[in-house]
$ cat model_32.tsv   # TSV, C-alpha atoms and all ligand atoms
chain	number	residue	atom	x	y	z
A	1322	MET	CA	-13.40	5.67	18.33
A	1323	ARG	CA	-9.74	6.50	18.96
A	1324	VAL	CA	-7.96	4.73	16.12
A	1325	LEU	CA	-4.24	3.96	15.99
A	1326	LEU	CA	-2.68	4.06	12.52
A	1327	THR	CA	0.97	3.10	12.05
A	1328	GLY	CA	2.50	4.49	8.85
A	1329	ALA	CA	0.16	7.51	9.01
A	1330	ALA	CA	2.67	9.84	7.31
A	1331	GLY	CA	2.89	7.62	4.24
A	1332	PHE	CA	0.93	7.71	1.01
A	1333	ILE	CA	-1.98	5.37	1.87
A	1334	GLY	CA	-1.73	6.12	5.61
A	1335	SER	CA	-2.37	9.85	5.08
A	1336	HIS	CA	-5.44	9.18	2.92
A	1337	LEU	CA	-6.75	6.66	5.45
A	1338	THR	CA	-6.20	9.22	8.23
A	1339	GLU	CA	-8.37	11.72	6.34
A	1340	LEU	CA	-11.13	9.18	5.76
A	1341	LEU	CA	-11.14	8.03	9.40
A	1342	LEU	CA	-11.36	11.64	10.59
A	1343	ALA	CA	-14.13	12.38	8.09
A	1344	GLU	CA	-16.07	9.43	9.53
A	1345	GLY	CA	-15.93	11.07	12.97
A	1346	ASN	CA	-13.08	9.10	14.58
A	1347	SER	CA	-10.07	10.40	16.46
A	1348	VAL	CA	-6.80	9.27	14.91
A	1349	LEU	CA	-3.48	8.63	16.60
A	1350	GLY	CA	-0.86	8.51	13.84
A	1351	VAL	CA	2.52	6.89	14.47
A	1352	ASP	CA	5.40	7.03	11.98
A	1353	ASN	CA	9.20	7.21	11.95
A	1354	PHE	CA	9.38	9.09	8.58
A	1355	SER	CA	11.59	6.43	7.01
A	1356	THR	CA	9.66	6.74	3.73
A	1357	GLY	CA	6.82	9.06	4.75
A	1358	SER	CA	6.71	12.76	5.49
A	1359	MET	CA	4.91	15.20	7.77
A	1360	THR	CA	4.05	17.15	4.60
A	1361	ASN	CA	1.39	14.48	3.93
A	1362	LEU	CA	-0.33	15.40	7.21
A	1363	GLN	CA	0.38	19.14	7.28
A	1364	HIS	CA	-3.20	20.07	6.37
A	1365	LEU	CA	-4.48	18.19	9.48
A	1366	LYS	CA	-2.33	20.11	11.98
A	1367	ARG	CA	-5.27	22.11	13.32
A	1368	GLU	CA	-7.59	19.09	13.50
A	1369	THR	CA	-8.15	18.50	17.25
A	1370	ARG	CA	-9.12	14.84	16.70
A	1371	PHE	CA	-5.71	14.11	15.14
A	1372	GLU	CA	-2.66	13.28	17.28
A	1373	PHE	CA	0.77	12.28	16.01
A	1374	ARG	CA	3.78	10.53	17.56
A	1375	GLU	CA	7.12	10.10	15.84
A	1376	HIS	CA	8.17	6.56	16.70
A	1377	ASP	CA	9.79	3.48	15.15
A	1378	ILE	CA	7.24	0.71	15.77
A	1379	CYS	CA	10.03	-1.89	15.99
A	1380	ALA	CA	10.42	-0.58	19.56
A	1381	PRO	CA	7.44	-1.41	21.82
A	1382	PHE	CA	5.01	1.47	22.31
A	1383	ASP	CA	1.75	2.37	23.97
A	1384	PHE	CA	0.32	5.89	23.72
A	1385	GLY	CA	-2.82	5.07	25.67
A	1386	LYS	CA	-6.00	3.13	25.03
A	1387	VAL	CA	-7.17	2.83	21.45
A	1388	ASP	CA	-10.30	1.23	20.00
A	1389	PHE	CA	-8.85	-0.15	16.75
A	1390	VAL	CA	-5.38	-0.65	15.22
A	1391	PHE	CA	-4.49	-0.19	11.54
A	1392	ASN	CA	-0.94	-1.39	10.82
A	1393	PHE	CA	0.40	0.31	7.68
A	1394	ALA	CA	4.03	1.02	8.62
A	1395	SER	CA	6.47	-0.48	6.11
A	1396	PRO	CA	8.55	0.70	3.18
A	1397	ALA	CA	6.49	-0.23	0.11
A	1398	SER	CA	8.23	0.73	-3.11
A	1399	PRO	CA	10.86	-1.63	-4.55
A	1400	VAL	CA	13.44	1.19	-4.49
A	1401	ASP	CA	12.68	1.96	-0.80
A	1402	TYR	CA	12.65	-1.62	0.46
A	1403	SER	CA	15.83	-2.49	-1.46
A	1404	ARG	CA	17.55	0.43	0.30
A	1405	LEU	CA	15.96	-0.46	3.66
A	1406	GLY	CA	16.10	-4.28	3.48
A	1407	VAL	CA	16.71	-5.18	7.11
A	1408	GLU	CA	14.41	-2.37	8.33
A	1409	THR	CA	11.65	-3.80	6.11
A	1410	LEU	CA	12.08	-7.29	7.57
A	1411	ARG	CA	12.09	-5.82	11.07
A	1412	VAL	CA	8.97	-3.72	10.68
A	1413	GLY	CA	7.12	-6.69	9.15
A	1414	SER	CA	8.09	-8.91	12.08
A	1415	GLU	CA	8.95	-6.95	15.26
A	1416	GLY	CA	6.87	-3.91	14.29
A	1417	THR	CA	3.80	-5.95	13.41
A	1418	ARG	CA	4.19	-7.87	16.65
A	1419	ASN	CA	4.28	-4.66	18.70
A	1420	ALA	CA	1.14	-3.41	16.95
A	1421	LEU	CA	-0.59	-6.76	17.50
A	1422	ASP	CA	0.35	-6.69	21.19
A	1423	LEU	CA	-1.52	-3.39	21.54
A	1424	ALA	CA	-4.65	-4.84	19.90
A	1425	ARG	CA	-4.37	-7.81	22.24
A	1426	LYS	CA	-3.82	-5.66	25.34
A	1427	TYR	CA	-6.84	-3.45	24.65
A	1428	ASN	CA	-8.91	-6.30	23.18
A	1429	VAL	CA	-9.69	-4.34	20.00
A	1430	GLY	CA	-9.82	-4.97	16.24
A	1431	PHE	CA	-6.67	-5.04	14.11
A	1432	LEU	CA	-6.20	-4.59	10.37
A	1433	HIS	CA	-2.87	-5.28	8.67
A	1434	ALA	CA	-1.79	-3.87	5.30
A	1435	SER	CA	-0.59	-6.87	3.32
A	1436	THR	CA	0.16	-6.97	-0.37
A	1437	SER	CA	-0.20	-8.66	-3.73
A	1438	GLU	CA	3.54	-9.39	-3.30
A	1439	CYS	CA	2.43	-12.37	-1.19
A	1440	TYR	CA	1.61	-13.93	-4.60
A	1441	GLY	CA	5.17	-13.22	-5.85
A	1442	ASP	CA	5.52	-13.86	-9.60
A	1443	PRO	CA	2.16	-15.62	-9.77
A	1444	LEU	CA	1.57	-18.77	-11.80
A	1445	GLU	CA	-2.21	-18.48	-11.31
A	1446	HIS	CA	-3.95	-15.62	-13.03
A	1447	PRO	CA	-5.90	-13.65	-11.87
A	1448	GLN	CA	-4.95	-14.11	-8.22
A	1449	THR	CA	-7.59	-15.32	-5.79
A	1450	GLU	CA	-6.98	-15.25	-2.04
A	1451	GLU	CA	-6.70	-19.06	-2.04
A	1452	TYR	CA	-3.55	-18.97	-4.21
A	1453	TRP	CA	-0.43	-19.55	-2.07
A	1454	GLY	CA	1.92	-17.66	-4.33
A	1455	HIS	CA	5.24	-18.16	-6.09
A	1456	VAL	CA	7.86	-16.23	-4.15
A	1457	ASN	CA	11.66	-16.31	-4.31
A	1458	PRO	CA	12.61	-16.41	-0.60
A	1459	VAL	CA	16.21	-15.26	-1.19
A	1460	GLY	CA	15.96	-12.84	-4.14
A	1461	PRO	CA	16.16	-9.03	-3.98
A	1462	ARG	CA	12.40	-8.68	-3.37
A	1463	SER	CA	12.44	-11.23	-0.54
A	1464	VAL	CA	13.04	-8.59	2.16
A	1465	TYR	CA	9.56	-7.24	1.42
A	1466	ASP	CA	7.71	-10.34	0.22
A	1467	GLU	CA	8.80	-12.55	3.10
A	1468	ALA	CA	8.30	-9.76	5.67
A	1469	LYS	CA	4.72	-9.44	4.47
A	1470	ARG	CA	4.18	-13.21	4.37
A	1471	PHE	CA	5.59	-13.50	7.90
A	1472	SER	CA	3.27	-10.67	9.00
A	1473	GLU	CA	0.28	-12.55	7.61
A	1474	ALA	CA	1.32	-15.70	9.52
A	1475	LEU	CA	1.82	-13.68	12.72
A	1476	VAL	CA	-1.55	-11.94	12.36
A	1477	MET	CA	-3.28	-15.30	11.85
A	1478	ALA	CA	-1.41	-16.73	14.87
A	1479	TYR	CA	-2.58	-13.85	17.11
A	1480	HIS	CA	-6.08	-14.56	15.87
A	1481	ARG	CA	-5.91	-18.34	16.33
A	1482	TYR	CA	-3.94	-18.55	19.59
A	1483	TYR	CA	-4.93	-15.32	21.35
A	1484	GLY	CA	-8.36	-14.63	19.85
A	1485	VAL	CA	-7.39	-11.18	18.50
A	1486	ASP	CA	-10.02	-9.82	16.09
A	1487	THR	CA	-7.74	-9.46	13.05
A	1488	ARG	CA	-8.12	-8.61	9.35
A	1489	LEU	CA	-5.72	-8.84	6.40
A	1490	VAL	CA	-5.98	-6.70	3.29
A	1491	ARG	CA	-3.89	-7.65	0.24
A	1492	ILE	CA	-3.38	-4.32	-1.48
A	1493	PHE	CA	-2.62	-4.25	-5.24
A	1494	ASN	CA	-0.67	-1.35	-6.86
A	1495	THR	CA	-2.28	1.81	-5.53
A	1496	TYR	CA	-1.55	5.31	-6.82
A	1497	GLY	CA	-2.69	8.91	-6.49
A	1498	PRO	CA	-1.69	12.22	-4.92
A	1499	ARG	CA	1.07	11.98	-2.25
A	1500	LEU	CA	2.90	9.08	-3.89
A	1501	ARG	CA	6.38	10.27	-3.07
A	1502	LYS	CA	8.28	11.82	-5.95
A	1503	GLY	CA	11.37	9.70	-6.49
A	1504	ASP	CA	10.06	6.63	-4.68
A	1505	GLY	CA	10.70	4.77	-7.93
A	1506	ARG	CA	7.20	3.39	-8.40
A	1507	ILE	CA	5.80	3.30	-11.89
A	1508	ILE	CA	3.13	6.02	-11.61
A	1509	SER	CA	5.32	8.50	-9.71
A	1510	ASN	CA	8.22	7.95	-12.12
A	1511	LEU	CA	6.21	8.17	-15.35
A	1512	MET	CA	3.99	11.10	-14.32
A	1513	THR	CA	6.96	13.18	-13.16
A	1514	GLN	CA	8.98	12.30	-16.27
A	1515	ALA	CA	6.07	13.11	-18.61
A	1516	LEU	CA	5.37	16.46	-16.94
A	1517	ARG	CA	9.05	17.43	-17.11
A	1518	GLY	CA	9.30	16.45	-20.77
A	1519	GLU	CA	11.85	13.75	-19.90
A	1520	ASP	CA	11.97	10.25	-21.42
A	1521	LEU	CA	9.57	7.74	-19.85
A	1522	THR	CA	11.53	4.76	-18.49
A	1523	VAL	CA	9.89	1.42	-19.24
A	1524	TYR	CA	11.69	-1.54	-17.67
A	1525	GLY	CA	12.03	-4.67	-19.79
A	1526	ASP	CA	9.88	-4.75	-22.93
A	1527	GLY	CA	6.87	-3.30	-21.08
A	1528	THR	CA	4.69	-6.40	-21.59
A	1529	GLN	CA	4.59	-7.19	-17.85
A	1530	THR	CA	1.24	-6.27	-16.31
A	1531	ARG	CA	-0.08	-4.52	-13.21
A	1532	SER	CA	-3.60	-3.56	-12.08
A	1533	PHE	CA	-3.80	-0.01	-10.71
A	1534	CYS	CA	-6.19	1.12	-7.99
A	1535	TYR	CA	-6.89	4.80	-7.28
A	1536	VAL	CA	-6.23	5.63	-3.62
A	1537	SER	CA	-9.79	6.75	-2.72
A	1538	ASP	CA	-11.13	3.38	-3.91
A	1539	GLU	CA	-8.41	1.56	-1.97
A	1540	VAL	CA	-9.09	3.29	1.37
A	1541	ASP	CA	-12.84	2.82	0.91
A	1542	GLY	CA	-12.27	-0.96	0.58
A	1543	ILE	CA	-9.93	-0.96	3.59
A	1544	LEU	CA	-12.46	0.84	5.78
A	1545	ARG	CA	-15.21	-1.58	4.76
A	1546	LEU	CA	-12.95	-4.50	5.62
A	1547	SER	CA	-12.23	-3.00	9.05
A	1548	ARG	CA	-15.98	-3.18	9.74
A	1549	SER	CA	-16.37	-6.77	8.56
A	1550	SER	CA	-15.70	-9.93	10.51
A	1551	GLU	CA	-13.57	-11.69	7.88
A	1552	HIS	CA	-10.24	-12.89	9.26
A	1553	LEU	CA	-8.73	-14.44	6.14
A	1554	PRO	CA	-7.05	-12.19	3.52
A	1555	ILE	CA	-9.08	-10.09	1.10
A	1556	ASN	CA	-7.77	-8.63	-2.17
A	1557	ILE	CA	-8.50	-4.92	-2.57
A	1558	GLY	CA	-7.38	-3.67	-5.96
A	1559	ASN	CA	-8.67	-2.65	-9.35
A	1560	PRO	CA	-9.10	-5.75	-11.55
A	1561	THR	CA	-8.41	-3.95	-14.84
A	1562	GLU	CA	-5.02	-5.20	-15.99
A	1563	TRP	CA	-2.60	-3.00	-17.97
A	1564	THR	CA	0.72	-3.74	-19.59
A	1565	ILE	CA	3.39	-1.30	-18.45
A	1566	LEU	CA	3.62	0.00	-22.02
A	1567	GLU	CA	-0.15	0.68	-22.08
A	1568	CYS	CA	0.26	2.45	-18.75
A	1569	ALA	CA	3.02	4.65	-20.21
A	1570	HIS	CA	0.70	5.61	-23.10
A	1571	ALA	CA	-2.10	6.42	-20.62
A	1572	VAL	CA	0.33	8.73	-18.79
A	1573	LEU	CA	1.26	10.48	-22.07
A	1574	GLU	CA	-2.44	10.95	-22.84
A	1575	ALA	CA	-3.33	12.25	-19.35
A	1576	THR	CA	-0.45	14.72	-19.28
A	1577	GLY	CA	-0.53	15.72	-22.95
A	1578	SER	CA	3.23	15.14	-22.95
A	1579	THR	CA	5.28	14.44	-26.06
A	1580	SER	CA	8.02	12.62	-24.12
A	1581	LYS	CA	9.59	9.52	-25.71
A	1582	ILE	CA	9.46	6.05	-24.22
A	1583	VAL	CA	12.86	4.49	-23.52
A	1584	TYR	CA	13.59	0.95	-22.39
A	1585	ARG	CA	15.72	0.03	-19.37
A	1586	PRO	CA	16.68	-3.40	-17.95
A	1587	LEU	CA	13.97	-5.31	-16.10
A	1588	PRO	CA	14.81	-5.58	-12.36
A	1589	GLU	CA	15.50	-9.13	-11.12
A	1590	ASP	CA	12.36	-11.13	-10.18
A	1591	ASP	CA	10.02	-8.38	-11.44
A	1592	PRO	CA	6.62	-10.14	-11.58
A	1593	ILE	CA	5.32	-10.83	-15.10
A	1594	GLN	CA	1.64	-10.40	-14.29
A	1595	ARG	CA	-0.66	-9.14	-11.54
A	1596	GLN	CA	-4.44	-8.96	-11.46
A	1597	PRO	CA	-6.66	-9.28	-8.41
A	1598	ASP	CA	-9.74	-11.47	-8.39
A	1599	ILE	CA	-12.02	-9.27	-6.26
A	1600	SER	CA	-15.04	-11.61	-6.08
A	1601	LYS	CA	-14.54	-11.98	-2.34
A	1602	ALA	CA	-14.46	-8.20	-1.72
A	1603	ARG	CA	-17.56	-7.78	-3.90
A	1604	ARG	CA	-19.41	-10.53	-2.04
A	1605	LEU	CA	-18.38	-9.79	1.56
A	1606	LEU	CA	-17.84	-6.03	1.50
A	1607	GLY	CA	-20.07	-4.90	-1.38
A	1608	TRP	CA	-16.91	-3.16	-2.65
A	1609	GLU	CA	-15.59	-2.53	-6.11
A	1610	PRO	CA	-13.45	0.28	-7.49
A	1611	LYS	CA	-15.10	3.23	-9.22
A	1612	ILE	CA	-12.15	5.09	-10.76
A	1613	ASP	CA	-10.37	3.74	-13.83
A	1614	LEU	CA	-6.70	4.42	-14.54
A	1615	LYS	CA	-7.26	7.24	-17.03
A	1616	SER	CA	-9.58	9.11	-14.62
A	1617	GLY	CA	-7.23	8.47	-11.69
A	1618	LEU	CA	-4.26	9.87	-13.60
A	1619	ARG	CA	-6.26	13.01	-14.41
A	1620	LEU	CA	-7.24	13.35	-10.72
A	1621	SER	CA	-3.53	13.11	-9.82
A	1622	LEU	CA	-2.33	15.67	-12.37
A	1623	ASP	CA	-2.16	18.73	-10.10
A	1624	TYR	CA	-0.19	16.83	-7.48
A	1625	PHE	CA	2.35	15.45	-9.93
A	1626	ARG	CA	2.62	18.83	-11.64
A	1627	SER	CA	3.72	20.32	-8.30
A	1628	CYS	CA	6.25	17.47	-7.93
A	1629	ALA	CA	7.55	18.03	-11.44
A	1630	GLU	CA	7.96	21.76	-10.88
A	1631	ALA	CA	9.78	21.32	-7.54
A	1632	PRO	CA	13.60	21.40	-7.67
A	1633	VAL	CA	15.14	17.95	-8.25
B	1701	LIG	P1	4.71	4.65	2.17
B	1701	LIG	O1	6.16	4.34	2.11
B	1701	LIG	O2	4.24	5.93	1.57
B	1701	LIG	O3	4.16	4.57	3.66
B	1701	LIG	C1	4.72	3.74	4.64
B	1701	LIG	C2	4.85	4.55	5.93
B	1701	LIG	O4	5.36	3.68	6.97
B	1701	LIG	C3	5.84	5.71	5.80
B	1701	LIG	O5	5.26	6.90	6.28
B	1701	LIG	C4	7.03	5.28	6.66
B	1701	LIG	O6	7.76	6.37	7.18
B	1701	LIG	C5	6.34	4.41	7.71
B	1701	LIG	N1	7.23	3.46	8.36
B	1701	LIG	C6	8.06	2.57	7.76
B	1701	LIG	N2	8.73	1.87	8.70
B	1701	LIG	C7	8.31	2.32	9.91
B	1701	LIG	C8	8.64	1.99	11.25
B	1701	LIG	N3	9.55	1.05	11.55
B	1701	LIG	N4	8.00	2.66	12.26
B	1701	LIG	C9	7.08	3.61	11.97
B	1701	LIG	N5	6.74	3.97	10.72
B	1701	LIG	C10	7.35	3.33	9.70
B	1701	LIG	O7	3.97	3.42	1.46
B	1701	LIG	P2	2.43	3.19	1.10
B	1701	LIG	O8	2.34	2.95	-0.35
B	1701	LIG	O9	1.59	4.23	1.72
B	1701	LIG	O10	2.18	1.79	1.82
B	1701	LIG	C11	1.50	1.72	3.08
B	1701	LIG	C12	1.29	0.25	3.44
B	1701	LIG	O11	0.52	-0.40	2.41
B	1701	LIG	C13	2.59	-0.54	3.54
B	1701	LIG	O12	2.49	-1.47	4.59
B	1701	LIG	C14	2.68	-1.25	2.21
B	1701	LIG	O13	3.41	-2.45	2.30
B	1701	LIG	C15	1.20	-1.52	1.90
B	1701	LIG	N6	0.98	-1.67	0.45
B	1701	LIG	C16	1.01	-0.58	-0.40
B	1701	LIG	C17	0.82	-0.77	-1.76
B	1701	LIG	C18	0.79	0.38	-2.74
B	1701	LIG	O14	0.60	0.14	-3.94
B	1701	LIG	N7	0.91	1.63	-2.34
B	1701	LIG	C19	0.62	-2.06	-2.27
B	1701	LIG	C20	0.64	-3.13	-1.39
B	1701	LIG	C21	0.81	-2.92	-0.03
B	1702	LIG	N1	8.52	0.13	-13.88
B	1702	LIG	C1	8.90	0.70	-15.11
B	1702	LIG	N2	9.45	1.95	-15.08
B	1702	LIG	C2	9.65	2.66	-13.95
B	1702	LIG	C3	9.25	2.09	-12.70
B	1702	LIG	C4	8.70	0.83	-12.71
B	1702	LIG	O1	8.74	0.09	-16.16
B	1702	LIG	O2	10.15	3.80	-14.03
B	1702	LIG	C5	7.89	-1.20	-13.91
B	1702	LIG	C6	8.48	-2.21	-12.93
B	1702	LIG	O3	9.57	-2.88	-13.53
B	1702	LIG	C7	7.29	-3.13	-12.71
B	1702	LIG	C8	6.08	-2.18	-12.78
B	1702	LIG	O4	6.55	-1.04	-13.49
B	1702	LIG	O5	7.19	-4.08	-13.74
B	1702	LIG	C9	5.54	-1.74	-11.43
B	1702	LIG	O6	6.62	-1.30	-10.67
B	1702	LIG	P1	6.47	-0.61	-9.23
B	1702	LIG	O7	7.86	-0.27	-8.77
B	1702	LIG	O8	5.50	0.50	-9.29
B	1702	LIG	O9	5.81	-1.71	-8.28
B	1702	LIG	P2	5.78	-3.32	-8.22
B	1702	LIG	O10	4.42	-3.68	-8.67
B	1702	LIG	O11	6.86	-3.92	-9.08
B	1702	LIG	O12	6.02	-3.59	-6.77

$ encode --input "model_32.tsv" --output "C-alpha cells"
Amino acid sequence: MRVLLTGAAGFIGSHLTELLLAEGNSVLGVDNFSTGSMTNLQHLKRETRFEFREHDICAPFDFGKVDFVFNFASPASPVDYSRLGVETLRVGSEGTRNALDLARKYNVGFLHASTSECYGDPLEHPQTEEYWGHVNPVGPRSVYDEAKRFSEALVMAYHRYYGVDTRLVRIFNTYGPRLRKGDGRIISNLMTQALRGEDLTVYGDGTQTRSFCYVSDEVDGILRLSRSSEHLPINIGNPTEWTILECAHAVLEATGSTSKIVYRPLPEDDPIQRQPDISKARRLLGWEPKIDLKSGLRLSLDYFRSCAEAPV
C-alpha cells in the first residue's frame, strides 16, 4: 500500500511512519514543520519506500494516488497550540477537510488522530467513548479542543453523507523518544529538567491526573484500528492513572536525579483528571498497552539525555 501520513515529521507521526514501513508499506509523509522536524525522519532518508513533501495541509493537495490516509497534522502540546491558536483551528477544519477529500477521491480508508481533549475536564471517570465531554468552548484550550471536536464531526459527516471509510482514534497522553524538547509537555519538561539537575516544575498542587501511554503501544493500537471496520471513536491510551506529583517522582527515580520539585501556577482550564476506559479497544482490536510508565521512562532515557546535553 502507498499510505499518506499528514504530520509525519512530528512525534507520533515519525513513529507511525517507521511502523508502516516495517510492515512493508510505502509512506508518503506530508508536513509543514510547524511543530515537527525533519530530524525525526532523518534516519529514513535512504529508505526508497519513503517519500516526503513539505506542505501546509490547509491548502488543498494531491501528490498522486494513495491507498490509505492517516491524518495526524496538528499542533498537540498546550504550549504549541496556544502559540498557534488560529493555525490549530484551521488544520483541524480546513486541513482535515483536504485530507478527507483525498480519501473520498481515491475511495480509500481514512484514520484521524483525535484526542482525550474531546472529553475536556471530564465529569465522568474513567472516560468511555460514549461520554460527550465537558469542554469550555471559549477558554484558552478551546482552539485545540474545539478543532478536534469539529474534526470528529467532519469525519463522521464524510462517513455518513459520502460513505468514506473513516476511523477516529482518541489518543491519551503519549510520550517517548522524539517528544520535542521545549514543547512544554509534562514528560519532556520533567525529563529534561531532571537530567540537567534543574528544579522539576509541577503546576498546581500536582494532584491532577493523567494516564501515560508509551509511543510504541500507541502506534500499535492505531495500526490495529486502521485495519478494523469501526467508524465510531476508540480510546487508545494506557489506563494506569498517575497524579502529576507521582509522575514527577517516577521521573526522579528513572533518571536518578536529585532535583527538587517546585510548584508553579496551574494553567487555566487544566483538566483535573484523565483516564481512558479501553474496554472497546480490548474487545474490538485485541489491544492493550504493554509498557508501564516506569519502563517507558527508562526506554526514553537516552533520547532525553541527548536533549538535556544539547545547548539550550
Ligand atoms: P507533534 O506536534 O509532534 O506533531 C504534529 C505534526 O503536525 C508536526 O510535525 C507539525 O509540523 C505537523 N503539522 C501541524 N500543522 C500542520 C499543517 N497545517 N500542515 C502540515 N503539517 C502540520 O504532535 P504529536 O504529539 O506527534 O501529535 C500528533 C497528532 O496526534 C496530533 O493530531 C495530535 O493532536 C494527536 N494527539 C497527540 C497526543 C499526544 O499525547 N502526543 C494526544 C492526543 C492527540
Ligand atoms: N504539567 C506540569 N509541569 C510541566 C508541564 C505540565 O505540572 O512542566 C502538568 C499540566 O499542568 C497538566 C499535566 O502536567 O496538568 C499534563 O500536561 P501536558 O502539557 O503534558 O498535557 P495535557 O494533558 O494538559 O494536554

$ residues_around --input "model_32.tsv" --residues "range 1603-1618 of chain A" --least-positions-apart "5" --cutoff "10 Å" --atoms "all atoms listed in the file" --output "ChimeraX atom specification"
/A:1496-1498,1508,1512,1532-1539,1541-1551,1555-1563,1568,1571-1572,1574-1576,1598,1623,1625

$ closest_atom_pairs --input "model_32.tsv" --of "chain A" --to "ligand LIG 1701 (chain B)" --cutoff "7 Å" --atoms "all atoms listed in the file" --output "tab-separated table"
residue	atom	partner	partner_atom	distance
A:Thr1327	CA	B:LIG1701	N5	6.0
A:Gly1328	CA	B:LIG1701	O4	3.5
A:Ala1329	CA	B:LIG1701	O5	5.8
A:Ala1330	CA	B:LIG1701	O5	4.1
A:Gly1331	CA	B:LIG1701	O5	3.2
A:Phe1332	CA	B:LIG1701	O9	3.6
A:Ile1333	CA	B:LIG1701	O9	3.8
A:Gly1334	CA	B:LIG1701	O9	5.5
A:Val1351	CA	B:LIG1701	C9	6.1
A:Asp1352	CA	B:LIG1701	N5	3.6
A:Asn1353	CA	B:LIG1701	C9	4.2
A:Phe1354	CA	B:LIG1701	O6	3.5
A:Ser1355	CA	B:LIG1701	O6	3.8
A:Thr1356	CA	B:LIG1701	O6	4.0
A:Gly1357	CA	B:LIG1701	O5	3.1
A:Ser1358	CA	B:LIG1701	O5	6.1
A:His1376	CA	B:LIG1701	C9	5.7
A:Asp1377	CA	B:LIG1701	N4	3.5
A:Ile1378	CA	B:LIG1701	N4	4.1
A:Cys1379	CA	B:LIG1701	N3	5.3
A:Phe1393	CA	B:LIG1701	O12	4.1
A:Ala1394	CA	B:LIG1701	O4	3.4
A:Ser1395	CA	B:LIG1701	C6	3.8
A:Pro1396	CA	B:LIG1701	O1	4.5
A:Ala1397	CA	B:LIG1701	O13	4.4
A:Ser1398	CA	B:LIG1701	O1	6.7
A:Glu1408	CA	B:LIG1701	N3	6.8
A:Thr1409	CA	B:LIG1701	N2	6.9
A:Val1412	CA	B:LIG1701	N3	4.9
A:Gly1416	CA	B:LIG1701	N3	6.3
A:Ala1434	CA	B:LIG1701	O12	5.0
A:Ser1435	CA	B:LIG1701	C21	5.4
A:Thr1436	CA	B:LIG1701	C20	4.0
A:Ser1437	CA	B:LIG1701	C20	6.1
A:Arg1491	CA	B:LIG1701	C20	6.6
A:Ile1492	CA	B:LIG1701	C20	4.2
A:Phe1493	CA	B:LIG1701	C19	4.9
A:Asn1494	CA	B:LIG1701	O14	3.5
A:Thr1495	CA	B:LIG1701	O14	3.7
A:Tyr1496	CA	B:LIG1701	O14	6.3
A:Leu1500	CA	B:LIG1701	O2	6.4
A:Arg1501	CA	B:LIG1701	O2	6.7

$ residues_near_ligand --input "model_32.tsv" --ligand "ligand LIG 1702 (chain B)" --cutoff "9 Å" --atoms "all atoms listed in the file" --output "VMD selection string"
chain A and resid 1397 to 1400 1437 to 1438 1462 1493 to 1496 1504 to 1511 1514 1521 to 1532 1564 to 1566 1568 to 1569 1584 to 1589 1591 to 1595

$ closest_atom_pairs --input "model_32.tsv" --of "range 1421-1450 of chain A" --to "range 1475-1485 of chain A" --cutoff "10 Å" --atoms "all atoms listed in the file" --output "Markdown table"
| residue | atom | partner | partner_atom | distance |
| --- | --- | --- | --- | --- |
| A:Leu1421 | CA | A:Val1476 | CA | 7.4 |
| A:Asp1422 | CA | A:Tyr1479 | CA | 8.7 |
| A:Ala1424 | CA | A:Val1485 | CA | 7.0 |
| A:Arg1425 | CA | A:Val1485 | CA | 5.9 |
| A:Lys1426 | CA | A:Val1485 | CA | 9.5 |
| A:Tyr1427 | CA | A:Val1485 | CA | 9.9 |
| A:Asn1428 | CA | A:Val1485 | CA | 6.9 |
| A:Val1429 | CA | A:Val1485 | CA | 7.4 |
| A:Gly1430 | CA | A:Val1485 | CA | 7.0 |
| A:Phe1431 | CA | A:Val1485 | CA | 7.6 |
| A:Leu1432 | CA | A:Val1476 | CA | 8.9 |
| A:His1433 | CA | A:Val1476 | CA | 7.7 |

$ atom_distance --input "model_32.tsv" --atom1 "CA of Glu1372 in chain A" --atom2 "CA of Asn1419 in chain A"
19.3 Å

$ closest_residue --input "model_32.tsv" --among "A:Leu1349, A:Tyr1465, A:Ala1629, A:His1552" --to "Phe1389 in chain A" --atoms "all atoms listed in the file"
A:Leu1349

$ closest_residue --input "model_32.tsv" --among "A:Phe1471, A:Asp1388, A:Gln1596, A:Pro1381" --to "Glu1445 in chain A" --atoms "all atoms listed in the file"
A:Gln1596

$ atom_distance --input "model_32.tsv" --atom1 "CA of Val1583 in chain A" --atom2 "CA of Asp1520 in chain A"
6.2 Å

$ atom_distance --input "model_32.tsv" --atom1 "CA of Asn1361 in chain A" --atom2 "CA of Ser1335 in chain A"
6.1 Å

$ closest_residue --input "model_32.tsv" --among "A:Glu1450, A:Asp1466, A:Glu1630, A:Glu1375" --to "Ala1515 in chain A" --atoms "all atoms listed in the file"
A:Glu1630

$ residues_around --input "model_32.tsv" --residues "Leu1341 in chain A" --least-positions-apart "2" --cutoff "10 Å" --atoms "all atoms listed in the file" --output "PDB file with C-alpha atoms, in the frame of the given file"
ATOM      1  CA  MET A1322     -13.400   5.670  18.330  1.00  0.00           C
ATOM      2  CA  ARG A1323      -9.740   6.500  18.960  1.00  0.00           C
ATOM      3  CA  VAL A1324      -7.960   4.730  16.120  1.00  0.00           C
ATOM      4  CA  LEU A1326      -2.680   4.060  12.520  1.00  0.00           C
ATOM      5  CA  SER A1335      -2.370   9.850   5.080  1.00  0.00           C
ATOM      6  CA  HIS A1336      -5.440   9.180   2.920  1.00  0.00           C
ATOM      7  CA  LEU A1337      -6.750   6.660   5.450  1.00  0.00           C
ATOM      8  CA  THR A1338      -6.200   9.220   8.230  1.00  0.00           C
ATOM      9  CA  GLU A1339      -8.370  11.720   6.340  1.00  0.00           C
ATOM     10  CA  ALA A1343     -14.130  12.380   8.090  1.00  0.00           C
ATOM     11  CA  GLU A1344     -16.070   9.430   9.530  1.00  0.00           C
ATOM     12  CA  GLY A1345     -15.930  11.070  12.970  1.00  0.00           C
ATOM     13  CA  ASN A1346     -13.080   9.100  14.580  1.00  0.00           C
ATOM     14  CA  SER A1347     -10.070  10.400  16.460  1.00  0.00           C
ATOM     15  CA  VAL A1348      -6.800   9.270  14.910  1.00  0.00           C
ATOM     16  CA  PHE A1371      -5.710  14.110  15.140  1.00  0.00           C
ATOM     17  CA  VAL A1540      -9.090   3.290   1.370  1.00  0.00           C
ATOM     18  CA  LEU A1544     -12.460   0.840   5.780  1.00  0.00           C
TER      19      LEU A1544
END

$ closest_residue --input "model_32.tsv" --among "A:Leu1489, A:Leu1365, A:Val1456, A:Ala1420" --to "Ala1380 in chain A" --atoms "only C-alpha atoms"
A:Ala1420
